[in-house]
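Here is the structure we will look at, set down as structure tokens.
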Amino acid sequence: IPGFVLAVVAIPTLPMTGIRFVAMSPNIVTVLIRGFVFGLTSVVILALLPLVARDILNGNALVYGILLGAFGVGAVAGAMISRPLRDRLNNETVIRISFIGFAFCASVAAWSNEVAFTAGALLVGGATWVIALSLFNTTVQMSTPRWVVGRALSLYQMAIFAGMAIGSWWWGQVAETLSPSYALQFAAIAMLLGAALGLRLPIPSRENLNLDPLNRWQVPDTEVRLESRSGPIAIAIEFQIDKTDIRKFLVIMAERKRIRRRDGALDWTLAQDLADAECWIERFEVPTWVDYVRFHSRTTIADAKVSDLLRALHKGQWPPKVRRMIEWKAAPSAPRPTLPPAELT
């Protein structure tokens, strides 16, 4: 419970840039969800291991030490076979094996009355523990650009440990209400459901995404004098799209919207000119001029695919016409203009 409370309290203090990037990155969100489920279910072994040693195996502290040591040896073995296993199987298959391996471990621990059998199952549990956590960690890193990888990993760690904190409390409640054996059996069923969750939320495959900065964009010259904190900055980009390509264009712009919002754009909209049906205007805002410069520095080489698709559909010259504007808002306390009495009559 204290660990879960600390995780919840820490959420408001996290930089919104990292939270926004993770929320707009489907691959990372999938890893966070699967990692949370894995932590929620697999923690049952470590949480209830003392009760397994005392109540199920009728052992003492020595038996508990043997079981915990077997889990540790399995973890070391898992670290050694993790890389060869990932080279031969795709990510989702490895995660499913980890869920099923832990379900096997929990089932044996629930039914076995022999220390040797339980210790052997814990070898499997320790190995799948390390294999799964290392693959989750690697997938987050490989799906995140360098500028935000630390914040993405912190959110991943929060998801894992929040699941472990909640799971420790929950399985303890089940063990207290029913028995440790029932808690382990229910957890094993939950692990199998976690493996089946991959049918809807599969772990992304190992794609060779180039997440290096694109570095195509250059800071434009402006006639209006701007400071770093000048803003808000509004950007409007005009596209000329043939009527027969509108459906393709909208699909591409949906992906562009995700990338824009992920990198920091606010109030993104797409509008069609009523007087010219082939004219489309993409518009968004950023808080300040320095945010606009940072926004473009976050575009990766992998994101250039969307720009290349738009280039193929745009009928005019490339790049399309871009308007960069600073918004001016009248002060609320500004006096209203008054007309002389002669003009009022």
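Every chain in the structure tokens has a letter given in the order shown (A, B, ...), and although residue numbers restart at 1 in each chain, ligands are simply numbered from 1 in the order shown.
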
In segment 144-230 of chain A, DSSP helix (DSSP H, G or I) residues written as a PyMOL selection string: chain A and resi 146-177+180-199

Spatial neighbours of Ala75 of chain A, max dist 10 Å, only C-alpha atoms, sep filter under 3 positions, as a PyMOL selection string: chain A and resi 69-72+78-80+122-131

Write to file, as a short mmCIF file (atom, residue, chain, number, x, y, z; two decimals), in the first residue's frame, the residues of the selection just made, with N, CA and C atoms.
```
data_model
loop_
_atom_site.label_atom_id
_atom_site.label_comp_id
_atom_site.auth_asym_id
_atom_site.auth_seq_id
_atom_site.Cartn_x
_atom_site.Cartn_y
_atom_site.Cartn_z
N GLY A 69 16.07 -18.90 -2.84
CA GLY A 69 17.31 -19.12 -3.59
C GLY A 69 17.04 -19.74 -4.96
N ALA A 70 16.08 -20.67 -5.01
CA ALA A 70 15.72 -21.27 -6.30
C ALA A 70 15.17 -20.22 -7.25
N PHE A 71 14.36 -19.31 -6.73
CA PHE A 71 13.84 -18.23 -7.57
C PHE A 71 14.98 -17.35 -8.09
N GLY A 72 15.96 -17.07 -7.24
CA GLY A 72 17.11 -16.27 -7.65
C GLY A 72 17.97 -16.97 -8.69
N GLY A 78 17.54 -17.01 -16.38
CA GLY A 78 16.72 -16.26 -17.32
C GLY A 78 17.49 -15.13 -17.98
N ALA A 79 18.35 -14.46 -17.21
CA ALA A 79 19.17 -13.40 -17.78
C ALA A 79 20.13 -13.95 -18.84
N MET A 80 20.59 -15.18 -18.66
CA MET A 80 21.54 -15.77 -19.61
C MET A 80 20.86 -16.22 -20.90
N LEU A 122 9.90 -22.81 -9.04
CA LEU A 122 10.40 -21.46 -8.80
C LEU A 122 11.59 -21.12 -9.70
N LEU A 123 12.33 -22.14 -10.13
CA LEU A 123 13.37 -21.90 -11.13
C LEU A 123 12.76 -21.33 -12.41
N VAL A 124 11.64 -21.94 -12.83
CA VAL A 124 10.94 -21.46 -14.03
C VAL A 124 10.39 -20.05 -13.78
N GLY A 125 9.80 -19.84 -12.60
CA GLY A 125 9.26 -18.52 -12.29
C GLY A 125 10.33 -17.43 -12.29
N GLY A 126 11.47 -17.69 -11.69
CA GLY A 126 12.54 -16.71 -11.68
C GLY A 126 13.05 -16.38 -13.06
N ALA A 127 13.15 -17.41 -13.92
CA ALA A 127 13.64 -17.19 -15.29
C ALA A 127 12.65 -16.34 -16.08
N THR A 128 11.37 -16.68 -16.02
CA THR A 128 10.38 -15.92 -16.79
C THR A 128 10.21 -14.51 -16.24
N TRP A 129 10.45 -14.32 -14.95
CA TRP A 129 10.38 -12.98 -14.34
C TRP A 129 11.39 -12.05 -15.00
N VAL A 130 12.64 -12.48 -15.07
CA VAL A 130 13.68 -11.65 -15.66
C VAL A 130 13.48 -11.49 -17.16
N ILE A 131 13.09 -12.55 -17.84
CA ILE A 131 12.89 -12.47 -19.29
C ILE A 131 11.81 -11.44 -19.63
#
```

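Minimum atom-to-atom distances from A:Ala190, A:Val322, A:Arg96, A:Gly35 to Asn137 of chain A were compared using only C-alpha atoms, and the lowest value belongs to A:Gly35.
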
Option closest in space to Asp87 of chain A, from A:Leu135, A:Leu40, A:Ile56, A:Ala47 [counting only C-alpha atoms]: A:Leu135

Polymer residues at most 12 Å from Trp318 of chain A, only C-alpha atoms, same-chain spacing of 2 or more positions, as a list in words: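 Listing them by chain and then by number gives Ile237, Glu238, Phe239, Gln240, Ser307, Asp308, Leu310, Arg311, Ala312, Leu313, His314, Lys315, Gly316, Pro320, Lys321 and Val322 of chain A.
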
Store the residues of this selection in a file with C-alpha atoms, as a tab-separated table (two decimals), in the first residue's frame.
```tsv
chain	number	residue	atom	x	y	z
A	237	ILE	CA	-0.21	24.90	-43.21
A	238	GLU	CA	-2.10	24.84	-46.50
A	239	PHE	CA	-2.35	21.70	-48.63
A	240	GLN	CA	-3.78	21.31	-52.11
A	307	SER	CA	5.70	13.92	-44.66
A	308	ASP	CA	6.74	11.82	-47.66
A	310	LEU	CA	1.80	14.05	-47.88
A	311	ARG	CA	4.34	15.19	-50.47
A	312	ALA	CA	2.98	12.58	-52.86
A	313	LEU	CA	-0.60	13.86	-52.42
A	314	HIS	CA	0.08	17.62	-52.35
A	315	LYS	CA	-0.61	19.19	-55.76
A	316	GLY	CA	1.33	22.41	-55.22
A	320	PRO	CA	3.38	23.84	-48.70
A	321	LYS	CA	2.58	27.39	-47.62
A	322	VAL	CA	3.13	27.87	-43.89
```

Within 8 Å of segment 59-64 of chain A using only C-alpha atoms, minus same-chain residues under 4 positions, as a list in words: Leu49, Pro50, Ala53, Arg54, Asp55, Leu68 and Val115 of chain A

For Gly150 of chain A, work out the shell of residues within 12 Å, counting only C-alpha atoms and skipping chain neighbours fewer than 5 positions away, then give it as a compact mmCIF listing (two decimals) with N, CA and C atoms, in the first residue's frame.
```txt
# COMPACT_ATOMS: atom_id res chain seq x y z
N LEU A 14 5.32 14.48 -12.31
CA LEU A 14 6.02 14.07 -13.52
C LEU A 14 5.88 15.15 -14.59
N PRO A 15 6.91 15.38 -15.40
CA PRO A 15 6.80 16.35 -16.47
C PRO A 15 5.69 15.97 -17.44
N THR A 17 5.42 16.72 -20.45
CA THR A 17 5.95 16.36 -21.76
C THR A 17 6.08 14.85 -21.88
N GLY A 18 6.64 14.20 -20.85
CA GLY A 18 6.80 12.75 -20.89
C GLY A 18 5.47 12.03 -20.86
N ILE A 19 4.53 12.49 -20.04
CA ILE A 19 3.22 11.86 -19.97
C ILE A 19 2.50 11.98 -21.30
N PHE A 21 3.85 12.37 -24.29
CA PHE A 21 4.52 11.55 -25.31
C PHE A 21 4.11 10.09 -25.16
N VAL A 22 4.11 9.59 -23.93
CA VAL A 22 3.75 8.18 -23.71
C VAL A 22 2.28 7.95 -24.06
N ASN A 137 11.39 -3.61 -20.68
CA ASN A 137 12.33 -2.49 -20.57
C ASN A 137 12.96 -2.17 -21.92
N VAL A 140 10.44 -0.52 -24.42
CA VAL A 140 10.21 0.90 -24.15
C VAL A 140 11.38 1.74 -24.68
N GLN A 141 12.60 1.29 -24.42
CA GLN A 141 13.76 2.05 -24.87
C GLN A 141 13.84 2.12 -26.39
N THR A 144 11.35 4.72 -28.04
CA THR A 144 11.37 6.07 -27.52
C THR A 144 12.61 6.82 -27.99
N PRO A 145 12.46 8.06 -28.48
CA PRO A 145 13.64 8.86 -28.82
C PRO A 145 14.46 9.18 -27.59
N LEU A 155 7.83 6.10 -16.28
CA LEU A 155 6.42 5.73 -16.32
C LEU A 155 6.26 4.21 -16.43
N TYR A 156 7.15 3.57 -17.16
CA TYR A 156 7.12 2.11 -17.24
C TYR A 156 7.37 1.49 -15.86
N GLN A 157 8.39 2.00 -15.17
CA GLN A 157 8.68 1.48 -13.83
C GLN A 157 7.50 1.72 -12.89
```

Backbone-only DSSP, strand (DSSP E or B) members of segment 114-344 of chain A, as an NGL selection string: :A and (213 or 233-241 or 266-272 or 279-286 or 300 or 314 or 322-326)

Contacts of Ser230 of chain A within 9 Å, only C-alpha atoms, excl. fewer than 2 positions in-chain, as an MDAnalysis selection string: chainID A and resid 226:228 232:233 287:290 326

Contacts of Trp171 of chain A within 10 Å, only C-alpha atoms, excl. fewer than 6 positions in-chain, as a list of chain:residue names: A:Leu40, A:Thr41, A:Val43, A:Val44, A:Ile45, A:Ala47, A:Leu48, A:Thr177, A:Ser179, A:Pro180, A:Tyr182, A:Ala183, A:Leu184, A:Phe186, A:Ala187

Option closest in space to Asp276 of chain A, from A:Arg260, A:Gly74, A:Arg298, A:Asp242 [counting only C-alpha atoms]: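 Closest residue, counting only C-alpha atoms: A:Asp242.
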
Å distance separating atom CA of Lys257 of chain A from atom CA of Glu282 of chain A, one decimal place: 9.3 Å

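Coordinates place atom CA of Gln185 of chain A at a distance of 20.7 Å from atom CA of Ala132 of chain A.
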